Structures are given as C-alpha cells and as structure tokens.
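Participant: Encoded as structure tokens, here's the structure I'll be asking about.
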Amino acid sequence: MGEIVSDRGGRRIELRRVGVVEQLRLFKALGPDLSENRAYFGLAKLAASVAMIDDVPVPIPASETGIEAVLERLGEDGVEAVGAHLTADAEKDVLGEAGN
C-alpha cells in the first residue's frame with residue numbers, strides 16, 4: 001500500500017513510487033518532444049504516481065491520452081494535493097542526502 005493524500009474535496013488519493021522503468025515508459029509514451037518538456041513530463045510523472053482515487057484503481061498511463069485522463073480525474077485539487085506531497089518528499093530526500 002502506498003502513501004495516501006487527501007485533496008480539498010476529501011478524496012483519498014493513494015500514491016505509488018514511479019521507478020526508473022516506469023519513467024522510461026513515460027518517455028516512450030510521450031515521444032521525443034513532450035519528453036523534453038519539463039513541465040509536461042512533471043505532470044505526466046505526477047499522473048503516473050496515482051495508484052487509486054477513493055479506492056478505485058488508476059493504471060499507470062501508457063499514452064498521452066491516458067496521462068490526460070488521470071489528470072482530468074484528479075482535477076485542480078487532486079493535482080495540487082499530489083504535487084505538494086511529491087514536492088515535500090523530494091525535499092526530504094535532498095535533506096537526507098545532505099545529511100541534515
């Protein structure tokens with residue numbers, strides 16, 4: 001079971017770890033142009049990190065359309081909640097590596 005965050009609407013969003021292989025598959029699904037767009041890839045990775053919304057499974061997106069579908073399900077509140085959590089985790093990782 002992954003970590004769970006809640007958005008402003010009270011939805012429970014379970015997260016999964018997006019590993020190297022999943023990131024490679026995202027690059028392949030997005031193609032060369034979108035893979036180099038940092039903002040777009042960041043949202044794609046955010047979408048791939050969502051495992052469930054209110055106990056309904058969310059498969060890892062395998063195409064641009066799949067990424068858009070997950071982001072549509074999340075909406076602004078869900079994207080904000082997941083993004084804040086992932087950013088906080090990234091900051092903890094950096095501090096841990098720095099020995100702080």
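Just remember, in the structure tokens the first chain shown is A, the second B, etc., residues are 1-based per chain, and ligands are 1-based in the order shown.
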If we count only C-alpha atoms and set the cut-off at 8 Å, which residues sit around Val18 (chain A), ignoring sequence neighbours fewer than 4 positions away in its own chain? Please answer as a ChimeraX atom specification.

Facilitator: /A:22-23,45,48-49

Participant: For the residues in that selection, give me N, CA and C atoms as an mmCIF file, in the first residue's frame.

Facilitator:
data_model
loop_
_atom_site.group_PDB
_atom_site.id
_atom_site.type_symbol
_atom_site.label_atom_id
_atom_site.label_comp_id
_atom_site.auth_asym_id
_atom_site.auth_seq_id
_atom_site.Cartn_x
_atom_site.Cartn_y
_atom_site.Cartn_z
ATOM 1 N N GLU A 22 9.247 2.738 -15.099
ATOM 2 C CA GLU A 22 8.009 3.476 -15.365
ATOM 3 C C GLU A 22 8.316 4.826 -16.023
ATOM 4 N N GLN A 23 9.388 5.479 -15.569
ATOM 5 C CA GLN A 23 9.775 6.746 -16.194
ATOM 6 C C GLN A 23 10.185 6.534 -17.648
ATOM 7 N N LYS A 45 4.530 12.506 -14.819
ATOM 8 C CA LYS A 45 5.050 11.703 -13.704
ATOM 9 C C LYS A 45 4.101 11.775 -12.510
ATOM 10 N N ALA A 48 1.328 9.440 -13.243
ATOM 11 C CA ALA A 48 1.761 8.052 -13.099
ATOM 12 C C ALA A 48 1.900 7.642 -11.642
ATOM 13 N N SER A 49 2.070 8.606 -10.744
ATOM 14 C CA SER A 49 2.240 8.292 -9.322
ATOM 15 C C SER A 49 0.913 7.985 -8.621
#

Participant: Please, which residues of chain A, numbered as in this document, come out helix (DSSP H, G or I) from DSSP, as a PyMOL selection string?

Facilitator: chain A and resi 20-35+38-48+64-98

Participant: Excluding region 67-84 of chain A and any residue of its chain fewer than 3 positions from it, enumerate the residues within 12 Å of it, using only C-alpha atoms, and give them as a compact mmCIF listing (two decimals) with C-alpha atoms, in the first residue's frame.

Facilitator:
# COMPACT_ATOMS: atom_id res chain seq x y z
CA GLU A 3 1.11 6.72 0.82
CA ILE A 4 -2.31 8.38 0.91
CA VAL A 5 -3.05 12.08 0.49
CA SER A 6 -6.39 13.87 0.57
CA ASP A 7 -7.44 16.75 -1.62
CA ARG A 8 -9.69 19.65 -0.61
CA GLY A 9 -12.74 17.66 -1.66
CA GLY A 10 -11.83 14.89 0.76
CA ARG A 11 -10.91 12.33 -1.88
CA ARG A 12 -8.34 9.75 -0.79
CA ILE A 13 -5.55 9.50 -3.33
CA GLU A 14 -3.16 6.58 -2.95
CA LEU A 15 0.28 7.06 -4.47
CA ARG A 16 2.79 4.65 -5.97
CA LEU A 26 6.54 7.57 -19.85
CA PHE A 27 9.31 8.90 -22.11
CA ALA A 29 4.58 7.19 -24.43
CA LEU A 30 5.22 10.94 -24.69
CA TYR A 40 4.67 18.35 -19.23
CA PHE A 41 6.87 15.48 -18.07
CA GLY A 42 6.42 16.61 -14.46
CA LEU A 43 2.64 16.42 -14.79
CA ALA A 44 2.93 13.07 -16.56
CA LYS A 45 5.05 11.70 -13.70
CA LEU A 46 2.54 13.09 -11.20
CA ALA A 47 -0.26 11.28 -13.07
CA ALA A 48 1.76 8.05 -13.10
CA SER A 49 2.24 8.29 -9.32
CA VAL A 50 -1.51 7.96 -8.67
CA ALA A 51 -2.45 4.36 -7.83
CA MET A 52 -6.04 4.87 -6.61
CA ILE A 53 -8.62 7.59 -6.17
CA ASP A 54 -11.19 6.77 -3.48
CA VAL A 56 -10.74 2.92 -7.45
CA PRO A 57 -7.52 1.70 -9.13
CA VAL A 58 -5.76 4.01 -11.59
CA PRO A 59 -3.44 2.20 -14.04
CA ILE A 60 -0.11 3.75 -14.95
CA PRO A 61 -0.83 5.76 -18.10
CA ALA A 62 0.66 4.31 -21.26
CA SER A 63 -0.13 7.17 -23.63
CA GLU A 64 -0.61 10.92 -23.77
CA THR A 87 7.47 18.08 -3.61
CA ALA A 88 7.68 17.60 0.17
CA ASP A 89 9.02 14.05 -0.36
CA ALA A 90 11.63 15.31 -2.83
CA GLU A 91 12.76 17.96 -0.35

Participant: Give me every strand (DSSP E) residue in chain A, going by DSSP on the backbone, as a ChimeraX atom specification.

Facilitator: /A:4-6,12-15,50-53,56-57

Participant: How many Å separate CA of Leu86 (chain A) from CA of Arg38 (chain A)?

Facilitator: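 Rounded to one decimal, the two atoms are 15.6 Å apart.
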